[in-house]
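To keep things clear, I will list the structure first and then write my remarks on it.
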Amino acid sequence: MGATKTEHFTDKQNQIATIAKALGHPARIAIIEYLAKVNECICGDIVNELPLAQPTVSQHLKELKNAGIIKGSIEGNTICYCIDEKKIEILNTYFSQIVQTDTKSKCC
């Protein structure tokens with residue numbers, strides 16, 4: 001991370017960047033949309049919803065979990081996933097502030 005000099009930015013800026021980076025793949029967006037649609041913890045069904053191999057889906061889930069966008073709990077031999085509402089609220093607040101600032105501006 002030395003090349004990006006993240007220490008020069010605020011914790012909030014680094015947090016938003018981490019979340020945005022994790023959301024930077026269409027498969028991860030599809031996973032989030034699916035979890036939002038079913039609105040419950042999902043154990044293993046995610047692979048059936050995507051045109052990707054199980055190891056690829058697992059890697060995308062890992063990236064989302066590392067960013068804190070989803071939570072996982074172990075139930076028997078499987079891991080159940082759901083959206084972490086706190087991270088989504090952070091994004092919602094961030095983008096709401098951007099929109100409010102933008103609508104006040106008369107630029108372009």
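Letters for chains follow the order of the structure tokens (A, B, ...), residue numbers begin at 1 for each chain, and ligand numbers begin at 1 in the order shown.
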As JSON, numbers by chain, please: every residue in chain A that a backbone DSSP assignment puts in helix (DSSP H, G or I).
{"A": [2, 3, 4, 6, 7, 8, 11, 12, 13, 14, 15, 16, 17, 18, 19, 20, 21, 22, 26, 27, 28, 29, 30, 31, 32, 33, 34, 35, 36, 37, 38, 46, 47, 48, 49, 54, 55, 56, 57, 58, 59, 60, 61, 62, 63, 64, 65, 66, 85, 86, 87, 88, 89, 90, 91, 92, 93, 94, 95, 96, 97, 98, 99, 100, 101, 102, 103, 104]}
May I have the residues within 12 Å of A:Lys37 as a list of chain:residue names, using only C-alpha atoms and disregarding those fewer than 3 positions away in the same chain?
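Neighbouring residues, sequence-local ones excluded: A:Ala30, A:Ile31, A:Ile32, A:Glu33, A:Tyr34, A:Glu40, A:Cys41, A:Ile42, A:Ile46, A:Glu49, A:Cys82, A:Ile83.
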Next, write the just-selected residues to a file, as a compact mmCIF listing (two decimals), in the first residue's frame, keeping all heavy atoms as the atom set.
# COMPACT_ATOMS: atom_id res chain seq x y z
N ALA A 30 -23.85 -8.33 -8.53
CA ALA A 30 -24.91 -9.34 -8.66
C ALA A 30 -25.13 -10.06 -7.32
O ALA A 30 -26.27 -10.33 -6.95
CB ALA A 30 -24.57 -10.34 -9.75
N ILE A 31 -24.06 -10.35 -6.62
CA ILE A 31 -24.18 -11.00 -5.30
C ILE A 31 -24.93 -10.10 -4.33
O ILE A 31 -25.85 -10.55 -3.64
CB ILE A 31 -22.79 -11.38 -4.75
CG1 ILE A 31 -22.19 -12.52 -5.57
CG2 ILE A 31 -22.88 -11.77 -3.27
CD1 ILE A 31 -20.72 -12.79 -5.28
N ILE A 32 -24.56 -8.83 -4.28
CA ILE A 32 -25.23 -7.88 -3.38
C ILE A 32 -26.70 -7.76 -3.75
O ILE A 32 -27.58 -7.77 -2.88
CB ILE A 32 -24.54 -6.49 -3.44
CG1 ILE A 32 -23.13 -6.57 -2.90
CG2 ILE A 32 -25.36 -5.44 -2.70
CD1 ILE A 32 -23.02 -6.96 -1.45
N GLU A 33 -27.01 -7.65 -5.03
CA GLU A 33 -28.40 -7.55 -5.47
C GLU A 33 -29.19 -8.79 -5.08
O GLU A 33 -30.34 -8.69 -4.66
CB GLU A 33 -28.47 -7.30 -6.97
CG GLU A 33 -28.02 -5.91 -7.36
CD GLU A 33 -27.96 -5.69 -8.86
OE1 GLU A 33 -28.15 -6.66 -9.64
OE2 GLU A 33 -27.71 -4.54 -9.27
N TYR A 34 -28.58 -9.95 -5.23
CA TYR A 34 -29.26 -11.19 -4.87
C TYR A 34 -29.53 -11.25 -3.36
O TYR A 34 -30.64 -11.57 -2.93
CB TYR A 34 -28.44 -12.40 -5.31
CG TYR A 34 -29.06 -13.71 -4.90
CD1 TYR A 34 -30.26 -14.13 -5.45
CD2 TYR A 34 -28.46 -14.53 -3.95
CE1 TYR A 34 -30.85 -15.33 -5.08
CE2 TYR A 34 -29.03 -15.73 -3.57
CZ TYR A 34 -30.22 -16.12 -4.14
OH TYR A 34 -30.81 -17.31 -3.75
N GLU A 40 -32.40 -12.30 3.38
CA GLU A 40 -32.11 -13.24 4.47
C GLU A 40 -30.73 -13.82 4.25
O GLU A 40 -30.13 -13.65 3.19
CB GLU A 40 -33.15 -14.35 4.53
CG GLU A 40 -33.20 -15.20 3.29
CD GLU A 40 -34.31 -16.25 3.34
OE1 GLU A 40 -35.41 -15.93 3.81
OE2 GLU A 40 -34.06 -17.37 2.90
N CYS A 41 -30.22 -14.52 5.24
CA CYS A 41 -28.92 -15.17 5.09
C CYS A 41 -29.03 -16.33 4.11
O CYS A 41 -29.99 -17.09 4.14
CB CYS A 41 -28.41 -15.67 6.43
SG CYS A 41 -27.85 -14.34 7.51
N ILE A 42 -28.05 -16.42 3.24
CA ILE A 42 -28.04 -17.44 2.19
C ILE A 42 -26.87 -18.39 2.42
O ILE A 42 -25.74 -17.94 2.61
CB ILE A 42 -27.89 -16.79 0.80
CG1 ILE A 42 -29.05 -15.84 0.53
CG2 ILE A 42 -27.76 -17.82 -0.29
CD1 ILE A 42 -30.40 -16.51 0.52
N ILE A 46 -25.92 -19.03 -3.61
CA ILE A 46 -25.38 -17.96 -4.43
C ILE A 46 -24.75 -18.52 -5.71
O ILE A 46 -24.88 -17.93 -6.78
CB ILE A 46 -24.37 -17.12 -3.63
CG1 ILE A 46 -25.11 -16.45 -2.46
CG2 ILE A 46 -23.70 -16.08 -4.49
CD1 ILE A 46 -24.22 -15.79 -1.45
N GLU A 49 -27.01 -18.87 -8.60
CA GLU A 49 -27.54 -17.62 -9.15
C GLU A 49 -26.60 -16.94 -10.14
O GLU A 49 -27.00 -16.02 -10.82
CB GLU A 49 -27.85 -16.64 -8.01
CG GLU A 49 -28.95 -17.10 -7.09
CD GLU A 49 -30.29 -17.21 -7.80
OE1 GLU A 49 -30.66 -16.31 -8.58
OE2 GLU A 49 -30.98 -18.22 -7.58
N CYS A 82 -25.05 -12.63 4.49
CA CYS A 82 -26.08 -11.59 4.39
C CYS A 82 -25.38 -10.23 4.30
O CYS A 82 -24.19 -10.11 4.59
CB CYS A 82 -27.05 -11.65 5.56
SG CYS A 82 -26.28 -11.38 7.16
N ILE A 83 -26.12 -9.23 3.90
CA ILE A 83 -25.58 -7.88 3.77
C ILE A 83 -25.35 -7.28 5.15
O ILE A 83 -26.17 -7.43 6.05
CB ILE A 83 -26.55 -7.01 2.95
CG1 ILE A 83 -26.62 -7.52 1.52
CG2 ILE A 83 -26.14 -5.54 2.99
CD1 ILE A 83 -27.64 -6.82 0.66
Which of A:Asn14, A:Asn48, A:Glu85, A:Ile29 sits closest to A:Leu64 [using only C-alpha atoms]:
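Going through A:Asn14, A:Asn48, A:Glu85, A:Ile29 one by one, the smallest distance to A:Leu64 is for A:Ile29.
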May I have the residues within 10 Å of stretch 88-96 of chain A as a PyMOL selection string, using only C-alpha atoms and disregarding those fewer than 5 positions away in the same chain?
chain A and resi 12-13+15-16+19-20+68-70+83+101-102
Have a look at A:Leu35, A:Cys43, A:Lys21, A:Val57 and name the one nearest to A:Gly76; count only C-alpha atoms.
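Looking at the shortest contact to A:Gly76, the residue is A:Cys43.
When atom CA of A:Val38 is paired with atom CA of A:Val99, their separation reads 28.3 Å.
Taking atom CA of A:Lys86 as the reference point, atom CA of A:Ala53 is found at 29.3 Å.
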Per DSSP on the backbone, what are the strand (DSSP E) residues of chain A, as a list of chain:residue names?
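After running DSSP on the backbone, chain A has strand (DSSP E) at A:Ile42, A:Cys43, A:Ile70, A:Lys71, A:Gly72, A:Ser73, A:Ile74, A:Glu75, A:Thr78, A:Ile79, A:Cys80, A:Tyr81, A:Cys82, A:Ile83.
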Using only C-alpha atoms, which protein or nucleic acid residues come within 10 Å of A:Asn66? Drop anything in the same chain fewer than 6 positions from it, and give the result as a list in words.
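Using only C-alpha atoms, the neighbours found are Thr18, Ile19, Ala22 and His60 of chain A.
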Dump N, CA, C and O atoms for the selected residues as a CSV table (one decimal), in the first residue's frame?
chain,number,residue,atom,x,y,z
A,18,THR,N,-12.2,1.5,0.0
A,18,THR,CA,-12.2,0.0,0.2
A,18,THR,C,-13.5,-0.6,-0.2
A,18,THR,O,-13.5,-1.6,-0.9
A,19,ILE,N,-14.6,0.0,0.2
A,19,ILE,CA,-15.9,-0.5,-0.2
A,19,ILE,C,-16.1,-0.4,-1.7
A,19,ILE,O,-16.6,-1.3,-2.3
A,22,ALA,N,-14.2,-3.0,-3.6
A,22,ALA,CA,-14.9,-4.4,-3.5
A,22,ALA,C,-16.1,-4.4,-4.3
A,22,ALA,O,-16.5,-5.5,-4.8
A,60,HIS,N,-15.2,-14.0,-4.8
A,60,HIS,CA,-15.9,-12.7,-4.8
A,60,HIS,C,-16.6,-12.5,-3.4
A,60,HIS,O,-16.6,-11.4,-2.9
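The residue that comes closest to A:Lys62, out of A:Asn39, A:Lys87, A:Asp45, A:Ile79 and on the basis of only C-alpha atoms, is A:Ile79.
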